[in-house]
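> Please find protein.cif (mmCIF, C-alpha atoms and all ligand atoms) on the next line:
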data_target
loop_
_atom_site.group_PDB
_atom_site.id
_atom_site.type_symbol
_atom_site.label_atom_id
_atom_site.label_comp_id
_atom_site.auth_asym_id
_atom_site.auth_seq_id
_atom_site.Cartn_x
_atom_site.Cartn_y
_atom_site.Cartn_z
ATOM 1 C CA MET U 1 46.482 156.161 64.923
ATOM 2 C CA PRO U 2 43.600 155.503 67.365
ATOM 3 C CA GLN U 3 40.589 153.578 66.157
ATOM 4 C CA ASP U 4 37.198 155.306 65.939
ATOM 5 C CA LEU U 5 35.441 155.771 69.219
ATOM 6 C CA SER U 6 32.242 154.259 67.865
ATOM 7 C CA LEU U 7 29.897 151.427 68.726
ATOM 8 C CA ASP U 8 30.893 149.624 65.535
ATOM 9 C CA THR U 9 34.537 149.588 66.672
ATOM 10 C CA VAL U 10 33.641 148.327 70.149
ATOM 11 C CA GLU U 11 31.453 145.545 68.718
ATOM 12 C CA GLU U 12 34.031 144.597 66.130
ATOM 13 C CA LEU U 13 36.811 144.377 68.724
ATOM 14 C CA ALA U 14 34.657 142.338 71.102
ATOM 15 C CA HIS U 15 32.833 140.258 68.483
ATOM 16 C CA ALA U 16 29.653 141.049 70.422
ATOM 17 C CA ARG U 17 26.307 142.750 69.785
ATOM 18 C CA VAL U 18 25.417 145.375 72.350
ATOM 19 C CA GLN U 19 21.754 145.568 71.311
ATOM 20 C CA ASP U 20 21.246 141.926 72.347
ATOM 21 C CA CYS U 21 21.486 143.024 75.994
ATOM 22 C CA TYR U 22 18.035 143.435 77.597
ATOM 23 C CA GLN U 23 19.335 144.842 80.885
ATOM 24 C CA CYS U 24 18.441 141.929 83.160
ATOM 25 C CA GLY U 25 21.423 142.780 85.396
ATOM 26 C CA LYS U 26 22.686 139.212 85.827
ATOM 27 C CA CYS U 27 26.179 140.283 84.787
ATOM 28 C CA SER U 28 26.359 142.855 87.595
ATOM 29 C CA ALA U 29 24.781 140.486 90.133
ATOM 30 C CA GLY U 30 27.589 137.960 89.604
ATOM 31 C CA CYS U 31 30.549 140.321 89.239
ATOM 32 C CA PRO U 32 32.975 139.781 92.155
ATOM 33 C CA ILE U 33 34.309 143.340 92.226
ATOM 34 C CA VAL U 34 31.130 145.259 91.545
ATOM 35 C CA GLU U 35 31.507 147.285 94.762
ATOM 36 C CA ARG U 36 34.605 148.936 93.335
ATOM 37 C CA MET U 37 32.952 149.967 90.069
ATOM 38 C CA ASP U 38 31.706 153.475 89.310
ATOM 39 C CA ASN U 39 29.454 151.987 86.586
ATOM 40 C CA LEU U 40 28.144 148.434 86.921
ATOM 41 C CA PRO U 41 28.688 146.062 83.972
ATOM 42 C CA ASN U 42 25.052 146.343 82.815
ATOM 43 C CA GLN U 43 25.280 150.144 83.131
ATOM 44 C CA LEU U 44 28.327 150.122 80.867
ATOM 45 C CA LEU U 45 26.288 148.084 78.390
ATOM 46 C CA ARG U 46 23.505 150.677 78.656
ATOM 47 C CA LEU U 47 25.949 153.513 77.960
ATOM 48 C CA LEU U 48 27.067 151.661 74.843
ATOM 49 C CA GLN U 49 23.465 151.090 73.760
ATOM 50 C CA LEU U 50 22.874 154.834 74.114
ATOM 51 C CA GLY U 51 25.945 155.607 72.018
ATOM 52 C CA ARG U 52 27.862 157.129 74.941
ATOM 53 C CA ILE U 53 31.066 155.362 73.995
ATOM 54 C CA GLU U 54 33.401 158.032 75.340
ATOM 55 C CA ARG U 55 31.762 157.940 78.764
ATOM 56 C CA ALA U 56 31.991 154.135 78.880
ATOM 57 C CA ALA U 57 35.647 154.147 77.756
ATOM 58 C CA ALA U 58 36.531 156.799 80.350
ATOM 59 C CA SER U 59 34.834 154.876 83.168
ATOM 60 C CA ALA U 60 37.121 153.734 86.005
ATOM 61 C CA ALA U 61 35.118 150.492 86.213
ATOM 62 C CA ILE U 62 36.752 149.029 83.118
ATOM 63 C CA TRP U 63 40.092 149.078 84.983
ATOM 64 C CA GLU U 64 38.629 147.322 88.022
ATOM 65 C CA CYS U 65 37.442 144.365 85.931
ATOM 66 C CA VAL U 66 39.608 141.282 86.483
ATOM 67 C CA SER U 67 38.397 139.472 83.333
ATOM 68 C CA CYS U 68 36.978 136.561 85.320
ATOM 69 C CA MET U 69 34.316 136.029 82.605
ATOM 70 C CA THR U 70 31.485 135.479 85.122
ATOM 71 C CA CYS U 71 29.354 138.135 83.412
ATOM 72 C CA THR U 72 29.852 136.546 79.997
ATOM 73 C CA THR U 73 29.053 133.019 81.142
ATOM 74 C CA ARG U 74 25.948 134.147 83.077
ATOM 75 C CA CYS U 75 24.421 136.289 80.361
ATOM 76 C CA PRO U 76 21.135 134.747 79.143
ATOM 77 C CA LYS U 77 21.542 136.582 75.822
ATOM 78 C CA ALA U 78 25.130 135.401 75.241
ATOM 79 C CA VAL U 79 26.485 138.952 75.262
ATOM 80 C CA ASP U 80 30.251 138.866 75.815
ATOM 81 C CA CYS U 81 30.291 141.536 78.503
ATOM 82 C CA ALA U 82 33.906 140.772 79.520
ATOM 83 C CA GLY U 83 34.968 141.070 75.874
ATOM 84 C CA LEU U 84 33.211 144.432 75.590
ATOM 85 C CA LEU U 85 35.077 145.722 78.649
ATOM 86 C CA ASP U 86 38.287 144.484 77.070
ATOM 87 C CA ALA U 87 37.478 146.463 73.920
ATOM 88 C CA LEU U 88 36.731 149.545 76.032
ATOM 89 C CA ARG U 89 40.112 149.231 77.763
ATOM 90 C CA GLN U 90 41.834 149.070 74.394
ATOM 91 C CA LEU U 91 40.029 152.211 73.198
ATOM 92 C CA SER U 92 40.642 153.933 76.521
ATOM 93 C CA ILE U 93 44.410 153.468 76.071
ATOM 94 C CA GLU U 94 44.344 154.557 72.429
ATOM 95 C CA HIS U 95 42.395 157.727 73.239
ATOM 96 C CA GLY U 96 44.382 158.591 76.365
ATOM 97 C CA PHE U 97 41.529 158.217 78.882
ATOM 98 C CA ALA U 98 43.537 156.034 81.265
ATOM 99 C CA SER U 99 44.555 157.981 84.366
ATOM 100 C CA PRO U 100 48.083 157.769 85.849
ATOM 101 C CA ALA U 101 46.697 155.438 88.537
ATOM 102 C CA GLN U 102 45.494 153.045 85.830
ATOM 103 C CA ARG U 103 48.815 153.127 84.011
ATOM 104 C CA ARG U 104 50.239 150.447 86.307
ATOM 105 C CA THR U 105 47.443 148.063 85.350
ATOM 106 C CA ILE U 106 48.323 148.655 81.702
ATOM 107 C CA LEU U 107 52.018 148.031 82.440
ATOM 108 C CA PHE U 108 51.134 144.764 84.149
ATOM 109 C CA GLN U 109 48.924 143.601 81.278
ATOM 110 C CA ARG U 110 51.644 144.392 78.749
ATOM 111 C CA ALA U 111 54.306 142.585 80.789
ATOM 112 C CA PHE U 112 51.937 139.611 81.192
ATOM 113 C CA LEU U 113 51.201 139.321 77.475
ATOM 114 C CA ASP U 114 54.842 139.787 76.569
ATOM 115 C CA ASN U 115 55.686 136.967 78.970
ATOM 116 C CA ILE U 116 53.100 134.638 77.404
ATOM 117 C CA ARG U 117 54.267 135.558 73.900
ATOM 118 C CA ARG U 118 57.843 134.592 74.762
ATOM 119 C CA ASN U 119 57.238 131.513 76.890
ATOM 120 C CA GLY U 120 53.848 130.203 75.812
ATOM 121 C CA ARG U 121 52.856 130.126 79.478
ATOM 122 C CA LEU U 122 53.484 132.280 82.499
ATOM 123 C CA ALA U 123 57.021 132.490 83.886
ATOM 124 C CA GLU U 124 56.147 134.125 87.187
ATOM 125 C CA LEU U 125 59.554 135.426 88.302
ATOM 126 C CA GLU U 126 60.267 136.861 84.882
ATOM 127 C CA LEU U 127 56.897 138.621 84.954
ATOM 128 C CA VAL U 128 57.526 140.128 88.390
ATOM 129 C CA ARG U 129 60.990 141.326 87.334
ATOM 130 C CA GLN U 130 59.724 142.855 84.093
ATOM 131 C CA PHE U 131 56.711 144.522 85.722
ATOM 132 C CA LYS U 132 58.709 145.949 88.615
ATOM 133 C CA MET U 133 61.479 147.253 86.368
ATOM 134 C CA GLN U 134 59.059 148.917 83.968
ATOM 135 C CA GLY U 135 57.092 150.317 86.923
ATOM 136 C CA PHE U 136 60.304 151.607 88.482
ATOM 137 C CA LEU U 137 61.294 153.365 85.272
ATOM 138 C CA ASP U 138 57.807 154.836 85.168
ATOM 139 C CA ASP U 139 56.975 155.952 88.718
ATOM 140 C CA LEU U 140 57.478 153.173 91.284
ATOM 141 C CA SER U 141 59.392 154.196 94.391
ATOM 142 C CA VAL U 142 62.066 151.910 95.907
ATOM 143 C CA PRO U 143 59.749 150.719 98.760
ATOM 144 C CA GLN U 144 57.059 149.894 96.198
ATOM 145 C CA LEU U 145 59.627 148.022 94.160
ATOM 146 C CA PHE U 146 60.199 145.537 96.993
ATOM 147 C CA LYS U 147 56.670 145.691 98.429
ATOM 148 C CA ASP U 148 55.701 142.090 97.618
ATOM 149 C CA ALA U 149 59.114 140.498 98.214
ATOM 150 C CA LEU U 150 58.007 138.890 101.499
ATOM 151 C CA LEU U 151 55.313 136.949 99.665
ATOM 152 C CA GLY U 152 57.971 135.123 97.625
ATOM 153 C CA PRO U 153 58.773 132.299 100.113
ATOM 154 C CA GLN U 154 55.076 131.587 100.706
ATOM 155 C CA LEU U 155 54.367 131.441 96.990
ATOM 156 C CA LEU U 156 57.339 129.146 96.464
ATOM 157 C CA ARG U 157 56.138 126.838 99.226
ATOM 158 C CA ARG U 158 52.713 126.634 97.636
ATOM 159 C CA ARG U 159 54.235 126.069 94.206
ATOM 160 C CA LYS U 160 52.691 129.217 92.798
ATOM 161 C CA LEU U 161 56.117 130.539 91.859
ATOM 162 C CA HIS U 162 58.630 128.570 89.815
ATOM 163 C CA LEU U 163 62.299 129.477 89.839
ATOM 164 C CA ARG U 164 62.786 128.120 86.350
ATOM 165 C CA PRO U 165 60.434 129.234 83.579
ATOM 166 C CA ARG U 166 58.345 126.356 82.215
ATOM 167 C CA ARG U 167 58.145 127.063 78.518
ATOM 168 C CA VAL U 168 55.898 125.331 75.998
ATOM 169 C CA LYS U 169 57.664 123.369 73.260
ATOM 170 C CA ASP U 170 56.018 124.970 70.252
ATOM 171 C CA ARG U 171 56.614 128.650 70.914
ATOM 172 C CA LYS U 172 56.382 129.431 67.224
ATOM 173 C CA LEU U 173 52.725 128.430 67.387
ATOM 174 C CA VAL U 174 52.185 130.931 70.209
ATOM 175 C CA GLY U 175 53.893 133.567 68.075
ATOM 176 C CA ARG U 176 51.461 132.783 65.245
ATOM 177 C CA ILE U 177 48.463 133.143 67.598
ATOM 178 C CA PHE U 178 49.702 136.599 68.645
ATOM 179 C CA ALA U 179 50.346 137.551 65.027
ATOM 180 C CA ARG U 180 46.816 136.501 64.068
ATOM 181 C CA CYS U 181 45.320 138.527 66.924
ATOM 182 C CA GLN U 182 47.267 141.565 65.762
ATOM 183 C CA ALA U 183 46.131 141.013 62.185
ATOM 184 C CA ASN U 184 42.522 141.004 63.509
ATOM 185 C CA GLY U 185 43.089 144.417 65.039
ATOM 186 C CA GLU U 186 43.566 143.281 68.642
ATOM 187 C CA LYS U 187 46.419 144.953 70.471
ATOM 188 C CA PRO U 188 48.512 142.449 72.438
HETATM 189 S S1 LIG U 201 23.503 139.604 81.747
HETATM 190 FE FE1 LIG U 201 23.571 139.980 79.516
HETATM 191 S S2 LIG U 201 21.494 140.677 78.993
HETATM 192 FE FE2 LIG U 201 21.684 140.793 81.215
HETATM 193 S S3 LIG U 201 22.293 142.946 81.588
HETATM 194 FE FE3 LIG U 201 24.172 141.726 81.473
HETATM 195 S S4 LIG U 201 24.839 141.822 79.337
HETATM 196 FE FE4 LIG U 201 22.693 142.492 79.424
HETATM 197 S S1 LIG U 202 34.782 139.873 83.688
HETATM 198 FE FE1 LIG U 202 34.961 141.829 84.748
HETATM 199 S S2 LIG U 202 32.927 142.746 84.649
HETATM 200 FE FE2 LIG U 202 32.728 140.577 84.160
HETATM 201 S S3 LIG U 202 32.198 139.604 86.104
HETATM 202 FE FE3 LIG U 202 34.434 139.458 85.876
HETATM 203 S S4 LIG U 202 35.242 141.263 86.897
HETATM 204 FE FE4 LIG U 202 33.045 141.621 86.589
#
Please re-express this file's structure in structure tokens.


Amino acid sequence: MPQDLSLDTVEELAHARVQDCYQCGKCSAGCPIVERMDNLPNQLLRLLQLGRIERAAASAAIWECVSCMTCTTRCPKAVDCAGLLDALRQLSIEHGFASPAQRRTILFQRAFLDNIRRNGRLAELELVRQFKMQGFLDDLSVPQLFKDALLGPQLLRRRKLHLRPRRVKDRKLVGRIFARCQANGEKP
């Protein structure tokens, strides 16, 4: 059952207070992908302050955010802007606002988290395989399936891709972290 589309829910999920924002715009000034956003980070904060939660959660901008945390670290009022966008993404999924084009981002995030849950750190090849297979079952065409294959050798040369997954020793601990997040109402 979806959570309430209310400011209380957004603030609870993000552990942040929207009213602390005084609209200085520093978050938007530092955001690296602001040109792709239909609503700038501070404008999303304004929508929340005005109680227009549905409009903020349906904004395409929340799916452009790459969670770099620049906005959060720059905020003079310590408002966790990145966390608020995270909360909006969660509500957007629950309430079915995500468009088909955004579904692939959701698939990637799920595959990424599943990978971390199992390995404790990223196993790149496993992630690519899982993401591509899920995407293929969803709507990826065969050319899209192999689109990034030529990047593989370069990534291997630069040691950005590891053939063998490097797992952490205490994976039970990672499992407990995920379980605690779920208990706190966060959707991994
Ligand atoms: S930097 Fe902080 S206070 Fe300034 S607009 Fe962004 S969220 Fe609001
Ligand atoms: S976390 Fe998202 S909104 Fe914040 S600066 Fe990075 S990309 Fe922009």

> Quick one: everything within 10 Å of segment 149-165 of chain U, counting only C-alpha atoms, minus sequence neighbours fewer than 5 positions away in the same chain. Send it as a list of chain:residue names.

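Using only C-alpha atoms, the neighbours found are U:Asn119, U:Arg121, U:Leu122, U:Ala123, U:Glu124, U:Leu125, U:Glu126, U:Val128, U:Gln144.
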
> For atom CA of Ile53 of chain U and atom CA of Leu91 of chain U, quote the distance in Å rounded to one decimal.

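One can read the atom CA of Ile53 of chain U to atom CA of Leu91 of chain U distance as 9.5 Å.
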
> Using all atoms listed in the file, what table do you get, as a Markdown table, when you list each residue of chain U with an atom no more than 7 Å from ligand LIG 201 (chain U), its nearest pair of atoms, and their distance in Å rounded to one decimal, rows by chain then rising number?


| residue | atom | partner | partner_atom | distance |
| --- | --- | --- | --- | --- |
| U:Asp20 | CA | U:LIG201 | S2 | 6.8 |
| U:Cys21 | CA | U:LIG201 | FE4 | 3.7 |
| U:Tyr22 | CA | U:LIG201 | S2 | 4.6 |
| U:Gln23 | CA | U:LIG201 | S3 | 3.6 |
| U:Cys24 | CA | U:LIG201 | FE2 | 3.9 |
| U:Gly25 | CA | U:LIG201 | S3 | 3.9 |
| U:Lys26 | CA | U:LIG201 | S1 | 4.2 |
| U:Cys27 | CA | U:LIG201 | S1 | 4.1 |
| U:Ser28 | CA | U:LIG201 | FE3 | 6.6 |
| U:Pro41 | CA | U:LIG201 | FE3 | 6.7 |
| U:Asn42 | CA | U:LIG201 | S3 | 4.5 |
| U:Leu45 | CA | U:LIG201 | S4 | 6.5 |
| U:Cys71 | CA | U:LIG201 | S1 | 6.3 |
| U:Arg74 | CA | U:LIG201 | S1 | 6.1 |
| U:Cys75 | CA | U:LIG201 | S1 | 3.7 |
| U:Pro76 | CA | U:LIG201 | FE1 | 5.8 |
| U:Lys77 | CA | U:LIG201 | S2 | 5.2 |
| U:Ala78 | CA | U:LIG201 | FE1 | 6.5 |
| U:Val79 | CA | U:LIG201 | S4 | 5.2 |
| U:Cys81 | CA | U:LIG201 | S4 | 5.5 |

> Using all atoms listed in the file, determine which residues fall within 8 Å of ligand LIG 202 (chain U), then list them as an MDAnalysis selection string.

chainID U and resid 27:28 30:34 40:41 62 64:72 81:83 85

> Please enumerate the residues selected by the PyMOL selection byres (((chain U and resi 177) around 12) and not hetatm) when evaluated against the supplied file, formatted as a list in words.

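Here the PyMOL selection byres (((chain U and resi 177) around 12) and not hetatm) matches Leu113, Ile116, Arg117, Arg118, Gly120, Asp170, Arg171, Lys172, Leu173, Val174, Gly175, Arg176, Phe178, Ala179, Arg180, Cys181, Gln182, Ala183, Asn184, Glu186 and Pro188 of chain U.
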
> U:Lys132, U:Arg55, U:Arg89, U:Arg36: which is nearest Asp148 of chain U, counting all atoms listed in the file?

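Using all atoms listed in the file, the shortest distance to Asp148 of chain U belongs to U:Lys132.
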
> Between atom CA of Phe97 of chain U and atom CA of Leu48 of chain U, what is the distance in Å, rounded to a tenth?

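We find that atom CA of Phe97 of chain U and atom CA of Leu48 of chain U lie 16.4 Å from each other.
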